[in-house]
file my_file.tsv (TSV, C-alpha atoms and all ligand atoms)
chain	number	residue	atom	x	y	z
A	264	MET	CA	-1.05	-22.53	-23.79
A	265	GLY	CA	-3.11	-19.31	-23.83
A	266	LYS	CA	-3.11	-16.43	-21.41
A	267	SER	CA	-5.09	-16.86	-18.23
A	268	ILE	CA	-7.62	-14.07	-18.76
A	269	PRO	CA	-8.77	-13.50	-15.15
A	270	ASP	CA	-5.18	-12.83	-14.11
A	271	ASP	CA	-4.38	-10.20	-16.72
A	272	PRO	CA	-3.42	-6.88	-15.08
A	273	PRO	CA	-5.58	-3.82	-15.80
A	274	ALA	CA	-4.08	-1.10	-18.00
A	275	LEU	CA	-1.51	1.12	-16.32
A	276	ASP	CA	-2.61	4.54	-15.13
A	277	LEU	CA	0.37	6.42	-16.54
A	278	ALA	CA	-0.42	9.60	-14.62
A	279	ARG	CA	-0.16	7.79	-11.28
A	280	ALA	CA	2.04	4.74	-11.72
A	281	ALA	CA	5.72	4.22	-10.96
A	282	LEU	CA	6.78	1.38	-13.24
A	283	PHE	CA	9.56	-1.03	-12.28
A	284	LEU	CA	10.60	-3.67	-14.79
A	285	ASP	CA	12.92	-6.62	-14.42
A	286	TYR	CA	15.18	-7.09	-17.47
A	287	ASP	CA	15.89	-10.77	-18.37
A	288	GLY	CA	12.76	-12.81	-18.99
A	289	THR	CA	10.58	-9.72	-18.59
A	290	LEU	CA	11.72	-7.00	-20.97
A	291	VAL	CA	13.75	-9.34	-23.18
A	292	GLY	CA	13.57	-13.11	-23.61
A	293	ILE	CA	16.07	-15.33	-21.83
A	294	ALA	CA	19.05	-16.06	-24.10
A	295	PRO	CA	21.73	-18.78	-23.93
A	296	THR	CA	24.22	-16.24	-22.51
A	297	PRO	CA	23.55	-12.85	-20.86
A	298	ALA	CA	25.31	-10.94	-23.68
A	299	GLU	CA	22.82	-12.25	-26.23
A	300	ALA	CA	19.73	-10.94	-24.41
A	301	ARG	CA	19.32	-7.55	-26.08
A	302	PRO	CA	16.23	-5.45	-26.68
A	303	ASP	CA	15.33	-4.70	-30.30
A	304	GLN	CA	14.56	-1.20	-31.59
A	305	ALA	CA	10.83	-1.63	-30.96
A	306	VAL	CA	11.42	-2.37	-27.26
A	307	LEU	CA	13.76	0.62	-26.92
A	308	ALA	CA	11.12	2.84	-28.55
A	309	LEU	CA	8.48	1.44	-26.18
A	310	LEU	CA	10.65	2.25	-23.15
A	311	GLY	CA	11.32	5.76	-24.43
A	312	ARG	CA	7.59	6.42	-24.84
A	313	LEU	CA	6.84	5.00	-21.40
A	314	GLU	CA	9.51	7.13	-19.74
A	315	ARG	CA	8.04	10.30	-21.25
A	316	ARG	CA	4.44	9.44	-20.45
A	317	LEU	CA	5.34	8.42	-16.87
A	318	ASP	CA	7.29	11.68	-16.39
A	319	GLY	CA	10.41	9.66	-15.63
A	320	ALA	CA	8.76	7.23	-13.18
A	321	LEU	CA	10.28	4.20	-14.94
A	322	ALA	CA	13.14	2.08	-13.66
A	323	ILE	CA	14.79	-1.20	-14.60
A	324	VAL	CA	15.33	-3.41	-11.53
A	325	SER	CA	17.68	-6.25	-12.43
A	326	GLY	CA	20.32	-8.63	-11.23
A	327	ARG	CA	22.65	-7.24	-13.89
A	328	GLY	CA	25.05	-4.43	-13.09
A	329	VAL	CA	24.20	-0.82	-13.94
A	330	ALA	CA	26.98	-0.52	-16.56
A	331	ASP	CA	25.74	-3.67	-18.32
A	332	LEU	CA	22.12	-2.40	-18.32
A	333	ASP	CA	23.19	0.99	-19.71
A	334	LEU	CA	25.00	-0.80	-22.54
A	335	MET	CA	21.99	-2.99	-23.32
A	336	LEU	CA	19.55	-0.05	-23.24
A	337	ALA	CA	21.67	2.50	-25.14
A	338	PRO	CA	20.94	5.13	-26.35
A	339	LEU	CA	18.38	5.32	-23.54
A	340	ARG	CA	19.66	6.23	-20.11
A	341	LEU	CA	17.00	5.15	-17.67
A	342	THR	CA	16.90	5.00	-13.91
A	343	VAL	CA	18.36	1.59	-13.05
A	344	ALA	CA	18.76	-0.54	-9.93
A	345	GLY	CA	21.38	-3.18	-10.62
A	346	LEU	CA	22.76	-6.23	-8.85
A	347	HIS	CA	19.48	-6.85	-7.00
A	348	GLY	CA	19.63	-3.35	-5.53
A	349	LEU	CA	23.33	-3.22	-4.64
A	350	GLU	CA	23.65	-0.42	-7.22
A	351	VAL	CA	21.09	2.35	-7.82
A	352	ARG	CA	21.57	5.01	-10.50
A	353	PRO	CA	18.90	7.69	-11.08
A	354	ARG	CA	18.58	8.68	-14.75
A	355	GLY	CA	20.13	12.12	-14.18
A	356	ALA	CA	23.10	10.92	-12.10
A	357	ALA	CA	26.56	10.20	-13.47
A	358	MET	CA	27.43	7.27	-11.22
A	359	PRO	CA	25.54	4.58	-9.33
A	360	VAL	CA	25.32	4.63	-5.56
A	361	CYS	CA	26.73	1.31	-4.38
A	362	ALA	CA	26.08	-0.72	-1.26
A	363	GLY	CA	28.23	-3.77	-0.65
A	364	ASP	CA	31.85	-4.77	-0.17
A	365	ALA	CA	33.45	-6.36	-3.25
A	366	GLY	CA	36.24	-7.82	-1.07
A	367	LEU	CA	33.77	-10.25	0.49
A	368	LEU	CA	33.65	-12.16	-2.79
A	369	THR	CA	37.38	-12.83	-3.19
A	370	PRO	CA	37.37	-16.41	-1.78
A	371	ALA	CA	34.21	-17.30	-3.71
A	372	ARG	CA	35.67	-16.01	-6.98
A	373	ALA	CA	38.61	-18.42	-6.74
A	374	ALA	CA	36.38	-21.37	-5.88
A	375	MET	CA	33.95	-20.60	-8.72
A	376	SER	CA	36.82	-20.24	-11.23
A	377	ALA	CA	38.08	-23.69	-10.30
A	378	PHE	CA	34.52	-25.03	-10.69
A	379	THR	CA	34.09	-23.63	-14.21
A	380	GLU	CA	37.42	-25.16	-15.24
A	381	ARG	CA	36.20	-28.58	-14.07
A	382	ASN	CA	32.75	-28.13	-15.64
A	383	PRO	CA	32.89	-26.95	-19.27
A	384	GLY	CA	29.84	-24.95	-20.31
A	385	THR	CA	29.43	-23.32	-16.90
A	386	LEU	CA	30.46	-19.69	-16.76
A	387	ILE	CA	31.00	-16.95	-14.20
A	388	GLU	CA	29.40	-13.57	-14.70
A	389	ASP	CA	31.61	-11.37	-12.54
A	390	LYS	CA	29.69	-8.23	-11.60
A	391	ARG	CA	32.31	-7.12	-9.07
A	392	LEU	CA	29.77	-6.72	-6.24
A	393	SER	CA	28.25	-10.10	-7.03
A	394	LEU	CA	29.23	-13.38	-8.70
A	395	ALA	CA	26.77	-15.34	-10.82
A	396	LEU	CA	27.52	-18.92	-11.83
A	397	HIS	CA	25.52	-19.88	-14.95
A	398	TYR	CA	24.91	-23.49	-15.96
A	399	ARG	CA	22.37	-23.03	-18.78
A	400	LEU	CA	24.87	-24.50	-21.28
A	401	ASN	CA	25.60	-27.45	-18.95
A	402	PRO	CA	22.42	-28.23	-16.98
A	403	ASN	CA	23.96	-31.44	-15.60
A	404	ALA	CA	26.30	-29.28	-13.51
A	405	GLY	CA	23.37	-27.50	-11.85
A	406	GLY	CA	23.27	-29.62	-8.69
A	407	ALA	CA	27.00	-29.26	-8.10
A	408	ALA	CA	26.85	-25.52	-8.79
A	409	GLU	CA	24.07	-25.15	-6.21
A	410	ARG	CA	26.02	-27.13	-3.62
A	411	LEU	CA	29.15	-25.02	-4.23
A	412	ALA	CA	27.20	-21.77	-3.84
A	413	GLU	CA	25.48	-23.06	-0.67
A	414	GLN	CA	28.85	-24.01	0.77
A	415	LEU	CA	30.42	-20.63	-0.06
A	416	ALA	CA	27.45	-18.76	1.46
A	417	ALA	CA	27.71	-20.88	4.62
A	418	GLU	CA	31.46	-20.22	4.87
A	419	SER	CA	30.84	-16.46	4.72
A	420	ALA	CA	28.94	-16.67	8.05
A	421	GLY	CA	26.10	-14.43	6.92
A	422	ALA	CA	28.11	-11.87	4.94
A	423	LEU	CA	27.03	-13.32	1.58
A	424	ARG	CA	23.63	-14.56	0.54
A	425	LEU	CA	22.73	-17.05	-2.16
A	426	GLN	CA	20.26	-15.96	-4.83
A	427	ARG	CA	18.84	-18.69	-7.05
A	428	GLY	CA	17.62	-17.88	-10.54
A	429	LYS	CA	16.86	-19.64	-13.80
A	430	MET	CA	19.91	-21.87	-14.50
A	431	VAL	CA	22.04	-19.62	-12.31
A	432	VAL	CA	23.19	-19.31	-8.71
A	433	GLU	CA	24.54	-16.01	-7.47
A	434	LEU	CA	26.43	-14.87	-4.40
A	435	LEU	CA	26.11	-11.28	-3.25
A	436	PRO	CA	26.56	-9.25	-0.08
A	437	ALA	CA	23.63	-9.80	2.29
A	438	GLY	CA	21.08	-7.10	3.09
A	439	ARG	CA	19.81	-5.98	-0.33
A	440	ASP	CA	17.12	-7.32	-2.62
A	441	LYS	CA	14.77	-6.03	-5.31
A	442	GLY	CA	12.14	-5.09	-2.72
A	443	ARG	CA	14.54	-2.79	-0.93
A	444	ALA	CA	15.65	-1.36	-4.26
A	445	ILE	CA	12.03	-0.48	-5.11
A	446	ASP	CA	11.56	1.06	-1.67
A	447	ASP	CA	14.62	3.26	-2.25
A	448	LEU	CA	13.59	4.25	-5.77
A	449	LEU	CA	10.17	5.35	-4.49
A	450	THR	CA	11.90	8.09	-2.47
A	451	LEU	CA	13.38	9.70	-5.62
A	452	ASP	CA	11.68	12.82	-7.04
A	453	ASP	CA	10.59	11.04	-10.24
A	454	PHE	CA	8.77	8.31	-8.27
A	455	VAL	CA	7.59	9.77	-4.97
A	456	GLY	CA	3.83	9.65	-4.35
A	457	ARG	CA	3.16	7.27	-7.24
A	458	GLN	CA	1.61	3.78	-7.16
A	459	PRO	CA	4.36	1.16	-7.64
A	460	VAL	CA	3.95	-1.45	-10.36
A	461	PHE	CA	6.55	-4.19	-10.65
A	462	VAL	CA	6.84	-6.81	-13.39
A	463	GLY	CA	9.25	-9.76	-13.06
A	464	ASP	CA	9.55	-13.40	-14.02
A	465	ASP	CA	11.71	-15.16	-11.45
A	466	VAL	CA	12.17	-16.05	-7.78
A	467	THR	CA	14.53	-13.07	-7.45
A	468	ASP	CA	11.53	-10.80	-8.14
A	469	GLU	CA	9.36	-12.10	-5.30
A	470	ALA	CA	10.82	-9.62	-2.77
A	471	GLY	CA	9.79	-6.85	-5.15
A	472	PHE	CA	6.25	-8.22	-5.47
A	473	ARG	CA	5.85	-8.27	-1.68
A	474	VAL	CA	6.97	-4.63	-1.29
A	475	VAL	CA	4.66	-3.47	-4.08
A	476	ASN	CA	1.71	-5.37	-2.53
A	477	GLU	CA	2.38	-3.80	0.88
A	478	ARG	CA	2.30	-0.37	-0.71
A	479	GLY	CA	-0.99	-0.92	-2.49
A	480	GLY	CA	0.61	-1.28	-5.89
A	481	MET	CA	0.36	-3.82	-8.67
A	482	SER	CA	2.58	-6.92	-8.92
A	483	VAL	CA	2.80	-8.90	-12.15
A	484	ARG	CA	4.66	-12.15	-12.73
A	485	ILE	CA	5.44	-13.43	-16.19
A	486	GLY	CA	4.84	-17.13	-16.79
A	487	SER	CA	2.48	-19.50	-15.06
A	488	ALA	CA	4.69	-22.28	-13.77
A	489	GLU	CA	5.40	-21.30	-10.19
A	490	ALA	CA	3.72	-20.04	-7.03
A	491	THR	CA	4.10	-16.30	-6.58
A	492	ALA	CA	3.24	-13.34	-4.35
A	493	ALA	CA	2.29	-11.42	-7.52
A	494	ARG	CA	-1.41	-10.57	-7.90
A	495	TYR	CA	-1.44	-10.73	-11.70
A	496	ARG	CA	0.17	-12.81	-14.38
A	497	LEU	CA	1.15	-12.35	-18.01
A	498	SER	CA	2.05	-15.37	-20.11
A	499	ASP	CA	5.33	-14.22	-21.66
A	500	VAL	CA	7.51	-11.30	-22.78
A	501	ALA	CA	5.30	-10.66	-25.82
A	502	ALA	CA	2.18	-10.43	-23.63
A	503	MET	CA	3.99	-8.00	-21.32
A	504	GLN	CA	4.93	-5.76	-24.26
A	505	ALA	CA	1.36	-5.90	-25.59
A	506	TRP	CA	0.05	-4.86	-22.15
A	507	LEU	CA	2.40	-1.85	-22.08
A	508	HIS	CA	1.47	-0.86	-25.64
A	509	GLY	CA	-2.19	-1.16	-24.69
A	510	SER	CA	-1.68	1.14	-21.69
A	511	LEU	CA	0.02	3.76	-23.87
A	512	ASP	CA	-2.55	3.58	-26.67
A	513	ARG	CA	-5.52	3.69	-24.31
A	514	GLU	CA	-4.43	7.03	-22.89
A	515	SER	CA	-3.32	8.70	-26.07
A	516	VAL	CA	-6.79	8.37	-27.64
B	601	MG	MG	14.14	-11.96	-14.83
call {"tool": "encode", "arguments": {"input": "my_file.tsv", "output": "structure tokens"}}
result
Amino acid sequence: MGKSIPDDPPALDLARAALFLDYDGTLVGIAPTPAEARPDQAVLALLGRLERRLDGALAIVSGRGVADLDLMLAPLRLTVAGLHGLEVRPRGAAMPVCAGDAGLLTPARAAMSAFTERNPGTLIEDKRLSLALHYRLNPNAGGAAERLAEQLAAESAGALRLQRGKMVVELLPAGRDKGRAIDDLLTLDDFVGRQPVFVGDDVTDEAGFRVVNERGGMSVRIGSAEATAARYRLSDVAAMQAWLHGSLDRESV
């Protein structure tokens, strides 16, 4: 299936844009387990060039934790919003600012552990401030994993919210999402006054698309399968990288 040409985003205006990129399924392809989804040297070089040309107005906005993202992106140290905005770490700061109470997840952690023991191939990604239950390696357990997460969210009486993703359900403290993370990042010196551009691939990115649209920015969803608030589409990770390369090359002529 080819790219849908009318939906392709225009080239980035690197002098004016603030660029926010999701990680999994956007910057790197989805892998069987989170640890296997790593950027190659070409992607790291691309990010380094973008950060310089955007004068630092580049951030990764992901469901992963900040420490995990730093490890994946080393030796780069970019501005990152992790755990759907529960952690925000500007590029120059030593530590992330965290919002959310890890203690809220204690009962859910025990219940999810019991679930993974009963369902081989499912695995917990424990991000301290959030708990993701992956069933990519055992898709038949998906329905039961969803029901467990729904039940645990209901039992928290509003303290935890359920975030669905691709072959994953996640519980995290209520009140933060990628849209709020982008709003916060836009107040930082590197980003203030710029036009927000957000690229993502999943339902978790829709809150980010809505915020960017409200602010007159550009929203881009990767893939063509699902309805989206994004105004533009790119077919896959390779098309996204080609679009970024094109934006860089256009302006360096
Ligand atoms: Mg993603």
call {"tool": "residues_around", "arguments": {"input": "my_file.tsv", "residues": "region 376-393 of chain A", "least_positions_apart": "5", "cutoff": "10 Å", "atoms": "all atoms listed in the file", "output": "MDAnalysis selection string"}}
result
chainID A and resid 296:297 326:331 345:347 349:350 361:369 371 398:405 407:408 411 423:424 430:436
call {"tool": "residues_around", "arguments": {"input": "my_file.tsv", "residues": "Glu477 (chain A)", "least_positions_apart": "5", "cutoff": "12 Å", "atoms": "only C-alpha atoms", "output": "PDB file with C-alpha atoms, in the frame of the given file"}}
result
ATOM      1  CA  GLY A 442      12.140  -5.090  -2.720  1.00  0.00           C
ATOM      2  CA  ILE A 445      12.030  -0.480  -5.110  1.00  0.00           C
ATOM      3  CA  ASP A 446      11.560   1.060  -1.670  1.00  0.00           C
ATOM      4  CA  GLN A 458       1.610   3.780  -7.160  1.00  0.00           C
ATOM      5  CA  PRO A 459       4.360   1.160  -7.640  1.00  0.00           C
ATOM      6  CA  VAL A 460       3.950  -1.450 -10.360  1.00  0.00           C
ATOM      7  CA  ALA A 470      10.820  -9.620  -2.770  1.00  0.00           C
ATOM      8  CA  GLY A 471       9.790  -6.850  -5.150  1.00  0.00           C
ATOM      9  CA  PHE A 472       6.250  -8.220  -5.470  1.00  0.00           C
ATOM     10  CA  SER A 482       2.580  -6.920  -8.920  1.00  0.00           C
ATOM     11  CA  ALA A 492       3.240 -13.340  -4.350  1.00  0.00           C
ATOM     12  CA  ALA A 493       2.290 -11.420  -7.520  1.00  0.00           C
ATOM     13  CA  ARG A 494      -1.410 -10.570  -7.900  1.00  0.00           C
TER      14      ARG A 494
END
call {"tool": "residues_around", "arguments": {"input": "my_file.tsv", "residues": "Leu290 (chain A)", "least_positions_apart": "5", "cutoff": "8 Å", "atoms": "all atoms listed in the file", "output": "list in words"}}
result
Leu284, Asp285, Pro302, Val306, Val500, Met503 and Gln504 of chain A
call {"tool": "axis_aligned_box", "arguments": {"input": "my_file.tsv", "around": "region 365-379 of chain A", "padding_each_side": "4 Å", "output": "AutoDock Vina command-line options"}}
result
--center_x 36.0 --center_y -15.7 --center_z -6.9 --size_x 13.2 --size_y 26.7 --size_z 22.7
call {"tool": "residues_near_ligand", "arguments": {"input": "my_file.tsv", "ligand": "ligand MG 601 (chain B)", "cutoff": "7 Å", "atoms": "only C-alpha atoms and all ligand atoms", "output": "PDB file with C-alpha atoms, in the frame of the given file"}}
result
ATOM      1  CA  ASP A 285      12.920  -6.620 -14.420  1.00  0.00           C
ATOM      2  CA  TYR A 286      15.180  -7.090 -17.470  1.00  0.00           C
ATOM      3  CA  ASP A 287      15.890 -10.770 -18.370  1.00  0.00           C
ATOM      4  CA  GLY A 288      12.760 -12.810 -18.990  1.00  0.00           C
ATOM      5  CA  THR A 289      10.580  -9.720 -18.590  1.00  0.00           C
ATOM      6  CA  GLY A 463       9.250  -9.760 -13.060  1.00  0.00           C
ATOM      7  CA  ASP A 464       9.550 -13.400 -14.020  1.00  0.00           C
ATOM      8  CA  ASP A 465      11.710 -15.160 -11.450  1.00  0.00           C
TER       9      ASP A 465
END
call {"tool": "closest_residue", "arguments": {"input": "my_file.tsv", "among": "A:Glu299, A:Glu469, A:Glu489, A:Asp447", "to": "Val343 (chain A)", "atoms": "all atoms listed in the file"}}
result
A:Asp447
call {"tool": "closest_residue", "arguments": {"input": "my_file.tsv", "among": "A:Gly480, A:Arg354, A:Thr491, A:Ala373", "to": "Asp276 (chain A)", "atoms": "all atoms listed in the file"}}
result
A:Gly480
call {"tool": "atom_distance", "arguments": {"input": "my_file.tsv", "atom1": "CA of Gly348 (chain A)", "atom2": "CA of Ala281 (chain A)"}}
result
16.7 Å
call {"tool": "closest_residue", "arguments": {"input": "my_file.tsv", "among": "A:Ser325, A:Phe454, A:Ala357, A:Ala416", "to": "Pro370 (chain A)", "atoms": "all atoms listed in the file"}}
result
A:Ala416
call {"tool": "atom_distance", "arguments": {"input": "my_file.tsv", "atom1": "CA of Arg340 (chain A)", "atom2": "CA of Arg484 (chain A)"}}
result
24.8 Å
call {"tool": "atom_distance", "arguments": {"input": "my_file.tsv", "atom1": "CA of Ala490 (chain A)", "atom2": "CA of Ile293 (chain A)"}}
result
19.8 Å
call {"tool": "closest_residue", "arguments": {"input": "my_file.tsv", "among": "A:Asp440, A:Asp499, A:Glu314, A:Asp468", "to": "Val351 (chain A)", "atoms": "all atoms listed in the file"}}
result
A:Asp440
call {"tool": "closest_residue", "arguments": {"input": "my_file.tsv", "among": "A:Val360, A:Leu307, A:Ala322, A:Met481", "to": "Ala337 (chain A)", "atoms": "all atoms listed in the file"}}
result
A:Leu307
call {"tool": "closest_residue", "arguments": {"input": "my_file.tsv", "among": "A:Arg496, A:Arg410, A:Ala374, A:Ile485", "to": "Leu394 (chain A)", "atoms": "all atoms listed in the file"}}
result
A:Ala374
call {"tool": "decode", "arguments": {"input": "my_file.tsv", "residues": "region 365-376 of chain A", "atoms": "all heavy atoms", "output": "PDB file, in the first residue's frame"}}
result
ATOM      1  N   ALA A 365       3.424   6.905  43.106  1.00  0.00           N
ATOM      2  CA  ALA A 365       3.713   5.502  42.780  1.00  0.00           C
ATOM      3  C   ALA A 365       2.951   4.537  43.685  1.00  0.00           C
ATOM      4  O   ALA A 365       2.653   3.408  43.280  1.00  0.00           O
ATOM      5  CB  ALA A 365       5.219   5.256  42.878  1.00  0.00           C
ATOM      6  N   GLY A 366       2.623   4.966  44.900  1.00  0.00           N
ATOM      7  CA  GLY A 366       1.926   4.095  45.851  1.00  0.00           C
ATOM      8  C   GLY A 366       0.545   3.666  45.381  1.00  0.00           C
ATOM      9  O   GLY A 366       0.032   2.614  45.784  1.00  0.00           O
ATOM     10  N   LEU A 367      -0.054   4.477  44.502  1.00  0.00           N
ATOM     11  CA  LEU A 367      -1.381   4.138  43.977  1.00  0.00           C
ATOM     12  C   LEU A 367      -1.379   2.820  43.216  1.00  0.00           C
ATOM     13  O   LEU A 367      -2.423   2.187  43.055  1.00  0.00           O
ATOM     14  CB  LEU A 367      -1.861   5.242  43.016  1.00  0.00           C
ATOM     15  CG  LEU A 367      -2.142   6.618  43.614  1.00  0.00           C
ATOM     16  CD1 LEU A 367      -2.410   7.618  42.497  1.00  0.00           C
ATOM     17  CD2 LEU A 367      -3.342   6.536  44.557  1.00  0.00           C
ATOM     18  N   LEU A 368      -0.211   2.414  42.724  1.00  0.00           N
ATOM     19  CA  LEU A 368      -0.146   1.239  41.849  1.00  0.00           C
ATOM     20  C   LEU A 368       0.105  -0.063  42.591  1.00  0.00           C
ATOM     21  O   LEU A 368       0.102  -1.131  41.981  1.00  0.00           O
ATOM     22  CB  LEU A 368       0.961   1.443  40.801  1.00  0.00           C
ATOM     23  CG  LEU A 368       0.657   2.536  39.784  1.00  0.00           C
ATOM     24  CD1 LEU A 368       1.934   2.954  39.058  1.00  0.00           C
ATOM     25  CD2 LEU A 368      -0.379   2.069  38.783  1.00  0.00           C
ATOM     26  N   THR A 369       0.322   0.006  43.908  1.00  0.00           N
ATOM     27  CA  THR A 369       0.709  -1.197  44.649  1.00  0.00           C
ATOM     28  C   THR A 369      -0.303  -2.345  44.488  1.00  0.00           C
ATOM     29  O   THR A 369       0.101  -3.472  44.175  1.00  0.00           O
ATOM     30  CB  THR A 369       0.938  -0.858  46.126  1.00  0.00           C
ATOM     31  OG1 THR A 369       1.926   0.176  46.172  1.00  0.00           O
ATOM     32  CG2 THR A 369       1.438  -2.050  46.906  1.00  0.00           C
ATOM     33  N   PRO A 370      -1.610  -2.115  44.668  1.00  0.00           N
ATOM     34  CA  PRO A 370      -2.541  -3.244  44.509  1.00  0.00           C
ATOM     35  C   PRO A 370      -2.558  -3.776  43.074  1.00  0.00           C
ATOM     36  O   PRO A 370      -2.653  -4.998  42.858  1.00  0.00           O
ATOM     37  CB  PRO A 370      -3.908  -2.643  44.865  1.00  0.00           C
ATOM     38  CG  PRO A 370      -3.628  -1.341  45.533  1.00  0.00           C
ATOM     39  CD  PRO A 370      -2.299  -0.863  45.033  1.00  0.00           C
ATOM     40  N   ALA A 371      -2.445  -2.891  42.104  1.00  0.00           N
ATOM     41  CA  ALA A 371      -2.482  -3.317  40.700  1.00  0.00           C
ATOM     42  C   ALA A 371      -1.255  -4.147  40.351  1.00  0.00           C
ATOM     43  O   ALA A 371      -1.336  -5.109  39.583  1.00  0.00           O
ATOM     44  CB  ALA A 371      -2.558  -2.093  39.787  1.00  0.00           C
ATOM     45  N   ARG A 372      -0.115  -3.803  40.930  1.00  0.00           N
ATOM     46  CA  ARG A 372       1.126  -4.533  40.646  1.00  0.00           C
ATOM     47  C   ARG A 372       0.981  -5.998  41.049  1.00  0.00           C
ATOM     48  O   ARG A 372       1.381  -6.901  40.309  1.00  0.00           O
ATOM     49  CB  ARG A 372       2.290  -3.862  41.386  1.00  0.00           C
ATOM     50  CG  ARG A 372       3.661  -4.406  41.010  1.00  0.00           C
ATOM     51  CD  ARG A 372       4.796  -3.618  41.681  1.00  0.00           C
ATOM     52  NE  ARG A 372       5.076  -2.368  41.002  1.00  0.00           N
ATOM     53  CZ  ARG A 372       4.816  -1.154  41.498  1.00  0.00           C
ATOM     54  NH1 ARG A 372       4.286  -1.019  42.690  1.00  0.00           N
ATOM     55  NH2 ARG A 372       5.085  -0.073  40.793  1.00  0.00           N
ATOM     56  N   ALA A 373       0.417  -6.236  42.222  1.00  0.00           N
ATOM     57  CA  ALA A 373       0.232  -7.621  42.695  1.00  0.00           C
ATOM     58  C   ALA A 373      -0.722  -8.380  41.776  1.00  0.00           C
ATOM     59  O   ALA A 373      -0.470  -9.529  41.404  1.00  0.00           O
ATOM     60  CB  ALA A 373      -0.291  -7.598  44.129  1.00  0.00           C
ATOM     61  N   ALA A 374      -1.810  -7.739  41.394  1.00  0.00           N
ATOM     62  CA  ALA A 374      -2.802  -8.408  40.549  1.00  0.00           C
ATOM     63  C   ALA A 374      -2.232  -8.697  39.159  1.00  0.00           C
ATOM     64  O   ALA A 374      -2.477  -9.769  38.586  1.00  0.00           O
ATOM     65  CB  ALA A 374      -4.062  -7.542  40.435  1.00  0.00           C
ATOM     66  N   MET A 375      -1.449  -7.765  38.622  1.00  0.00           N
ATOM     67  CA  MET A 375      -0.853  -7.997  37.296  1.00  0.00           C
ATOM     68  C   MET A 375       0.200  -9.103  37.353  1.00  0.00           C
ATOM     69  O   MET A 375       0.332  -9.892  36.413  1.00  0.00           O
ATOM     70  CB  MET A 375      -0.238  -6.710  36.749  1.00  0.00           C
ATOM     71  CG  MET A 375      -1.263  -5.757  36.155  1.00  0.00           C
ATOM     72  SD  MET A 375      -0.399  -4.468  35.228  1.00  0.00           S
ATOM     73  CE  MET A 375      -1.775  -3.405  34.763  1.00  0.00           C
ATOM     74  N   SER A 376       0.973  -9.150  38.434  1.00  0.00           N
ATOM     75  CA  SER A 376       1.977 -10.221  38.580  1.00  0.00           C
ATOM     76  C   SER A 376       1.314 -11.589  38.558  1.00  0.00           C
ATOM     77  O   SER A 376       1.787 -12.517  37.891  1.00  0.00           O
ATOM     78  CB  SER A 376       2.759 -10.061  39.895  1.00  0.00           C
ATOM     79  OG  SER A 376       3.552  -8.929  39.842  1.00  0.00           O
TER      80      SER A 376
END
